[in-house]
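Student: My structure file entry.csv, CSV, C-alpha atoms (C1' of nucleotides), is below:
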chain,number,residue,atom,x,y,z
A,1,MET,CA,128.4,100.8,66.6
A,2,THR,CA,128.8,103.6,69.1
A,3,ALA,CA,125.7,104.4,71.0
A,4,PRO,CA,124.1,107.4,69.3
A,5,VAL,CA,123.4,109.3,72.5
A,6,ARG,CA,123.7,112.7,71.1
A,7,ALA,CA,121.8,111.8,67.9
A,8,ALA,CA,119.0,110.4,70.1
A,9,TYR,CA,118.8,113.7,71.9
A,10,ASP,CA,118.6,115.6,68.7
A,11,ARG,CA,115.8,113.5,67.5
A,12,LEU,CA,113.9,113.7,70.7
A,13,PHE,CA,114.2,117.5,70.9
A,14,ALA,CA,113.2,117.8,67.2
A,15,ALA,CA,110.2,115.7,67.8
A,16,TYR,CA,109.0,117.0,71.2
A,17,GLY,CA,110.8,120.3,71.8
A,18,ALA,CA,111.5,121.7,75.3
A,19,GLN,CA,109.7,120.0,78.1
A,20,HIS,CA,109.9,122.8,80.6
A,21,TRP,CA,110.4,120.7,83.6
A,22,TRP,CA,110.4,122.6,86.9
A,23,PRO,CA,110.0,125.8,85.0
A,24,GLY,CA,110.2,129.0,87.0
A,25,GLU,CA,109.8,127.3,90.4
A,26,GLY,CA,112.4,128.2,92.9
A,27,PRO,CA,115.0,125.7,94.0
A,28,PHE,CA,113.3,125.0,97.3
A,29,GLU,CA,110.1,123.9,95.6
A,30,VAL,CA,112.2,121.8,93.3
A,31,LEU,CA,113.8,120.1,96.3
A,32,VAL,CA,110.4,119.4,97.9
A,33,GLY,CA,109.0,118.2,94.6
A,34,ALA,CA,112.0,115.8,94.1
A,35,VAL,CA,110.9,113.8,97.1
A,36,LEU,CA,107.2,114.0,96.4
A,37,VAL,CA,107.5,112.8,92.9
A,38,GLN,CA,109.1,109.5,93.9
A,39,ASN,CA,107.3,106.8,91.9
A,40,THR,CA,104.4,109.2,91.5
A,41,ALA,CA,102.7,111.1,88.7
A,42,TRP,CA,103.6,114.7,88.7
A,43,ARG,CA,100.0,116.0,88.6
A,44,ASN,CA,99.6,114.5,92.1
A,45,VAL,CA,102.7,116.3,93.3
A,46,GLU,CA,101.2,119.5,92.0
A,47,LYS,CA,98.2,119.1,94.3
A,48,ALA,CA,100.5,118.5,97.2
A,49,LEU,CA,102.6,121.6,96.4
A,50,GLU,CA,99.5,123.6,96.0
A,51,ASN,CA,98.4,122.6,99.5
A,52,LEU,CA,101.8,123.6,100.9
A,53,ARG,CA,101.6,126.9,99.1
A,54,GLU,CA,98.2,127.7,100.5
A,55,ALA,CA,99.4,126.8,103.9
A,56,GLY,CA,102.3,129.2,103.4
A,57,CYS,CA,104.8,126.4,103.9
A,58,LEU,CA,106.8,126.5,100.7
A,59,GLU,CA,109.8,127.9,102.7
A,60,ALA,CA,112.4,125.9,104.5
A,61,ARG,CA,112.0,126.9,108.1
A,62,ARG,CA,108.2,127.1,107.8
A,63,LEU,CA,108.0,123.7,106.4
A,64,TYR,CA,110.5,122.3,108.9
A,65,SER,CA,108.3,123.7,111.8
A,66,LEU,CA,105.5,121.4,110.9
A,67,SER,CA,105.1,118.0,112.6
A,68,VAL,CA,105.3,114.9,110.5
A,69,ALA,CA,101.6,114.4,110.9
A,70,GLU,CA,100.8,118.0,109.7
A,71,LEU,CA,103.2,117.6,106.9
A,72,ALA,CA,101.7,114.2,105.9
A,73,GLU,CA,98.2,115.7,105.8
A,74,LEU,CA,99.2,118.5,103.4
A,75,ILE,CA,101.1,116.2,101.0
A,76,ARG,CA,98.5,113.5,101.0
A,77,PRO,CA,97.6,113.8,97.3
A,78,ALA,CA,101.1,112.9,96.4
A,79,GLY,CA,100.7,109.4,97.7
A,80,TYR,CA,102.9,107.4,100.1
A,81,TYR,CA,102.3,110.4,102.3
A,82,GLN,CA,103.4,108.9,105.6
A,83,VAL,CA,106.8,107.9,104.3
A,84,LYS,CA,107.3,111.0,102.2
A,85,ALA,CA,106.5,113.2,105.2
A,86,LYS,CA,109.4,111.6,107.1
A,87,ARG,CA,111.7,111.7,104.0
A,88,LEU,CA,110.9,115.3,103.5
A,89,ARG,CA,111.7,116.1,107.1
A,90,ASN,CA,115.0,114.3,106.9
A,91,LEU,CA,115.9,116.3,103.9
A,92,LEU,CA,114.8,119.5,105.5
A,93,GLU,CA,116.9,118.7,108.5
A,94,LEU,CA,120.0,118.7,106.4
A,95,LEU,CA,119.0,122.0,104.7
A,96,VAL,CA,118.0,123.8,107.9
A,97,GLU,CA,120.4,122.4,110.5
A,98,ARG,CA,123.5,122.1,108.4
A,99,TYR,CA,123.0,124.9,105.8
A,100,ASP,CA,121.1,127.4,107.8
A,101,ALA,CA,118.0,126.8,105.7
A,102,SER,CA,119.8,128.3,102.7
A,103,ILE,CA,119.8,126.6,99.4
A,104,GLU,CA,122.5,128.9,98.2
A,105,ILE,CA,124.8,127.9,101.1
A,106,MET,CA,124.0,124.3,100.5
A,107,PHE,CA,125.0,124.5,96.8
A,108,ALA,CA,128.2,126.3,97.8
A,109,THR,CA,129.6,122.9,98.9
A,110,PRO,CA,131.4,120.9,96.2
A,111,PRO,CA,128.9,118.9,94.1
A,112,ASP,CA,130.5,115.5,94.9
A,113,ARG,CA,130.4,116.1,98.6
A,114,LEU,CA,126.9,117.5,98.5
A,115,ARG,CA,125.7,114.4,96.5
A,116,ALA,CA,127.2,112.2,99.2
A,117,GLU,CA,125.4,114.2,101.9
A,118,LEU,CA,122.1,114.0,100.1
A,119,LEU,CA,122.5,110.2,99.7
A,120,GLU,CA,123.0,110.0,103.5
A,121,VAL,CA,119.6,111.4,104.0
A,122,HIS,CA,117.1,108.6,104.7
A,123,GLY,CA,114.7,108.6,101.9
A,124,VAL,CA,116.9,110.2,99.3
A,125,GLY,CA,118.3,107.8,96.8
A,126,PRO,CA,120.5,108.4,93.7
A,127,GLU,CA,117.7,109.7,91.4
A,128,THR,CA,116.3,112.1,94.0
A,129,ALA,CA,119.8,113.4,94.8
A,130,ASP,CA,120.6,113.9,91.1
A,131,ALA,CA,117.3,115.6,90.5
A,132,ILE,CA,118.0,118.0,93.3
A,133,LEU,CA,121.5,118.7,92.1
A,134,LEU,CA,120.4,119.2,88.5
A,135,TYR,CA,117.1,120.9,88.8
A,136,ALA,CA,117.6,122.9,92.0
A,137,GLY,CA,121.3,123.6,91.8
A,138,GLY,CA,122.1,123.6,88.1
A,139,VAL,CA,124.8,120.9,88.7
A,140,PRO,CA,125.4,118.7,85.6
A,141,SER,CA,124.5,115.5,87.3
A,142,PHE,CA,122.6,113.2,84.9
A,143,VAL,CA,119.3,111.8,86.2
A,144,ALA,CA,119.2,108.2,85.3
A,145,ASP,CA,115.7,107.2,85.9
A,146,THR,CA,113.6,104.2,84.9
A,147,TYR,CA,113.1,105.6,81.4
A,148,ALA,CA,116.8,106.2,80.8
A,149,HIS,CA,117.1,102.5,81.8
A,150,ARG,CA,114.3,101.3,79.5
A,151,VAL,CA,115.5,103.3,76.5
A,152,SER,CA,119.1,102.3,76.9
A,153,ALA,CA,118.3,98.6,77.3
A,154,ARG,CA,115.9,98.5,74.4
A,155,HIS,CA,118.5,100.1,72.1
A,156,GLY,CA,121.2,97.8,73.3
A,157,TRP,CA,123.3,100.7,74.6
A,158,LEU,CA,123.6,99.0,78.0
A,159,PRO,CA,122.9,95.5,79.3
A,160,PHE,CA,119.5,95.3,80.8
A,161,ASP,CA,120.9,94.7,84.3
A,162,ALA,CA,123.0,97.9,84.3
A,163,ASP,CA,122.6,99.6,87.6
A,164,TYR,CA,121.9,103.3,88.3
A,165,GLY,CA,125.5,104.4,88.4
A,166,GLN,CA,126.3,102.7,85.1
A,167,ILE,CA,123.4,104.3,83.4
A,168,LYS,CA,124.3,107.7,84.8
A,169,GLU,CA,128.0,107.3,83.8
A,170,PHE,CA,127.0,106.1,80.4
A,171,PHE,CA,125.2,109.3,79.5
A,172,GLU,CA,127.6,111.6,81.3
A,173,GLU,CA,130.6,110.1,79.3
A,174,ARG,CA,128.9,110.8,76.0
A,175,LEU,CA,127.5,114.3,76.6
A,176,PRO,CA,129.1,117.7,77.4
A,177,ALA,CA,128.6,118.6,81.1
A,178,GLU,CA,125.8,121.1,80.4
A,179,PRO,CA,123.0,121.3,83.0
A,180,GLN,CA,120.5,122.5,80.4
A,181,LEU,CA,121.3,119.5,78.2
A,182,TYR,CA,121.0,117.1,81.1
A,183,ASN,CA,117.8,118.7,82.2
A,184,GLU,CA,116.2,118.5,78.8
A,185,TYR,CA,117.5,115.0,78.0
A,186,HIS,CA,116.1,113.6,81.2
A,187,ALA,CA,112.7,115.1,80.5
A,188,LEU,CA,112.7,113.9,76.9
A,189,LEU,CA,113.6,110.4,77.9
A,190,VAL,CA,110.6,110.3,80.2
A,191,ARG,CA,108.4,111.7,77.4
A,192,VAL,CA,109.5,109.2,74.8
A,193,GLY,CA,109.4,106.4,77.4
A,194,LYS,CA,105.8,107.1,78.3
A,195,GLU,CA,104.7,107.1,74.8
A,196,HIS,CA,106.7,104.2,73.4
A,197,CYS,CA,108.3,102.1,76.1
A,198,LYS,CA,105.4,101.7,78.5
A,199,SER,CA,105.7,98.5,80.4
A,200,SER,CA,106.5,95.4,78.2
A,201,ALA,CA,104.8,96.6,75.0
A,202,ALA,CA,107.3,98.2,72.6
A,203,LYS,CA,105.3,100.6,70.6
A,204,CYS,CA,108.0,101.6,68.3
A,205,ASP,CA,105.6,102.8,65.7
A,206,GLY,CA,106.1,106.5,65.3
A,207,CYS,CA,108.8,106.6,67.9
A,208,PRO,CA,111.4,109.3,67.1
A,209,LEU,CA,114.1,106.9,68.1
A,210,ALA,CA,112.9,104.0,66.0
A,211,PRO,CA,115.5,104.8,63.2
A,212,LEU,CA,118.2,104.3,65.8
A,213,LEU,CA,117.1,100.8,66.9
A,214,PRO,CA,119.5,97.9,66.2
A,215,GLU,CA,118.5,95.4,63.4
A,216,GLY,CA,115.6,93.3,64.6
A,217,GLY,CA,114.0,96.0,66.7
A,218,PRO,CA,114.1,96.6,70.4
A,219,LEU,CA,116.1,94.1,72.4
A,220,SER,CA,114.7,93.9,75.7
A,221,GLN,CA,112.9,91.5,77.8
A,222,GLU,CA,110.8,93.2,80.3
A,223,TYR,CA,111.1,96.8,79.6
J,1,DT,C1',88.4,98.8,85.9
J,2,DG,C1',92.8,97.8,86.5
J,3,DC,C1',97.1,99.6,85.8
J,4,DC,C1',100.5,102.8,86.5
J,5,DA,C1',103.3,106.9,88.0
J,6,DG,C1',110.0,111.3,87.2
J,7,DG,C1',111.9,105.6,94.1
J,8,DC,C1',113.5,104.0,98.2
J,9,DC,C1',113.8,101.2,102.2
J,10,DG,C1',113.7,96.9,105.0
J,11,DG,C1',113.5,92.1,105.6
J,12,DG,C1',114.2,87.5,104.0
J,13,DT,C1',116.9,84.1,101.6
O,1,DA,C1',124.4,89.5,96.6
O,2,DC,C1',119.8,89.2,95.2
O,3,DC,C1',114.7,89.3,95.4
O,4,DC,C1',110.4,91.0,97.1
O,5,DG,C1',106.9,93.4,99.5
O,6,DG,C1',105.3,97.9,101.4
O,7,DC,C1',104.1,102.4,100.8
O,8,DA,C1',99.0,105.4,98.4
O,9,DT,C1',96.7,108.8,95.7
O,10,DG,C1',94.5,110.0,91.3
O,11,DG,C1',94.1,109.9,86.2
O,12,DC,C1',93.4,107.4,81.9
Could you render the structure as structure tokens?
Tutor:
Amino acid sequence: MTAPVRAAYDRLFAAYGAQHWWPGEGPFEVLVGAVLVQNTAWRNVEKALENLREAGCLEARRLYSLSVAELAELIRPAGYYQVKAKRLRNLLELLVERYDASIEIMFATPPDRLRAELLEVHGVGPETADAILLYAGGVPSFVADTYAHRVSARHGWLPFDADYGQIKEFFEERLPAEPQLYNEYHALLVRVGKEHCKSSAAKCDGCPLAPLLPEGGPLSQEY
DNA sequence: TGCCAGGCCGGGT
DNA sequence: ACCCGGCATGGC
């Protein structure tokens, strides 16, 4: 059977509705948040962003003017604050030095090239790059995070050992290249993953995707 | 109270 | 090419 990627989306949206990820926040805040949220609960990121806001530093040049130590102290609630302070600065360096601190100029470069440039930033991996492209730039670049992996593996859509690029490609090949769709799908996968695919326990009871599971239930080892 | 969160990097085999 | 540990706060 062909993987019901679109059907899964429809079920998730029907069950959960719009998730409103990164609603109303400007692209710069999204870019900062994309680094801060690495392996971290979003509520912790909110505290860090609030600190930055109070310090008047939610602006590229202002934030770039801080030392790593100052930056680290402000983003402390987000966890991994020492490494993230450096990563954030590396990303800001690209934005400020190469793109004159302008998100708009940055996104004027072709998405494929911009993605490559983001990946060259020390501390920006594929998921962070895609999150920036999608949520800050409206570029239809699917964010294949750990939950996309779990859901895909459990449903037998992909082998468990599929890598990031394969998961991303899998979804992109089966969906129209619409940023709003990618945006919502990613958020919905996280939502359903948290409620039903957490760690090794498959709580398929009441999962909106349960009807789409192969015979015999979820197929995965670890996830 | 332990487990986990919207990753990524570096070092060792 | 893998596998693994480090990084850290805060909520359930």
Student: Return the neighbours of chain A among the residues of chain O, cut-off 6 Å, counting all atoms listed in the file, as an MDAnalysis selection string.
Tutor: chainID O and resid 7:9
Student: Do you have the atom CA of A:His186-atom CA of A:Trp21 distance handy?
Tutor: 9.4 Å
Student: Report the closest atom pair, with its distance in Å rounded to one decimal, for each residue of chain A that has an atom no farther than 8 Å from chain J; count all atoms listed in the file, sort by chain and then rising residue number, and write it as JSON lines.
Tutor:
{"residue": "A:Val37", "atom": "CA", "partner": "J:DG6", "partner_atom": "C1'", "distance": 6.4}
{"residue": "A:Gln38", "atom": "CA", "partner": "J:DG7", "partner_atom": "C1'", "distance": 4.8}
{"residue": "A:Asn39", "atom": "CA", "partner": "J:DG7", "partner_atom": "C1'", "distance": 5.2}
{"residue": "A:Thr40", "atom": "CA", "partner": "J:DA5", "partner_atom": "C1'", "distance": 4.3}
{"residue": "A:Ala41", "atom": "CA", "partner": "J:DA5", "partner_atom": "C1'", "distance": 4.3}
{"residue": "A:Trp42", "atom": "CA", "partner": "J:DG6", "partner_atom": "C1'", "distance": 7.4}
{"residue": "A:Gly123", "atom": "CA", "partner": "J:DC8", "partner_atom": "C1'", "distance": 6.0}
{"residue": "A:Val124", "atom": "CA", "partner": "J:DC8", "partner_atom": "C1'", "distance": 7.2}
{"residue": "A:Gly125", "atom": "CA", "partner": "J:DC8", "partner_atom": "C1'", "distance": 6.3}
{"residue": "A:Glu127", "atom": "CA", "partner": "J:DG7", "partner_atom": "C1'", "distance": 7.6}
{"residue": "A:Thr128", "atom": "CA", "partner": "J:DG7", "partner_atom": "C1'", "distance": 7.8}
{"residue": "A:Asp145", "atom": "CA", "partner": "J:DG6", "partner_atom": "C1'", "distance": 7.1}
{"residue": "A:Val190", "atom": "CA", "partner": "J:DG6", "partner_atom": "C1'", "distance": 7.1}
Student: Could you give me, as a list of chain:residue names, the residues within 10 Å of A:Glu117, counting all atoms listed in the file and dropping anything in the same chain fewer than 4 positions from it?
Tutor: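 Answer for this query is A:Leu91, A:Leu94, A:Pro111, A:Asp112, A:Arg113, A:Val121, A:Val124, A:Ala129.
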Student: Using all atoms listed in the file, which protein or nucleic acid residues come within 8 Å of stretch 181-184 of chain A? Drop anything in the same chain fewer than 3 positions from it, and give the result as a list in words.
Tutor: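 The filter keeps Ala18, Gln19, His20, Trp21, Leu134, Tyr135, Pro140, Ser141, Phe142, Val143, Ala177, Glu178, Ala187 and Leu188 of chain A.
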Student: Rounded to one decimal in Å, what is the spacing between atom CA of A:Cys57 and atom C1' of O:DG11?
Tutor: 26.5 Å
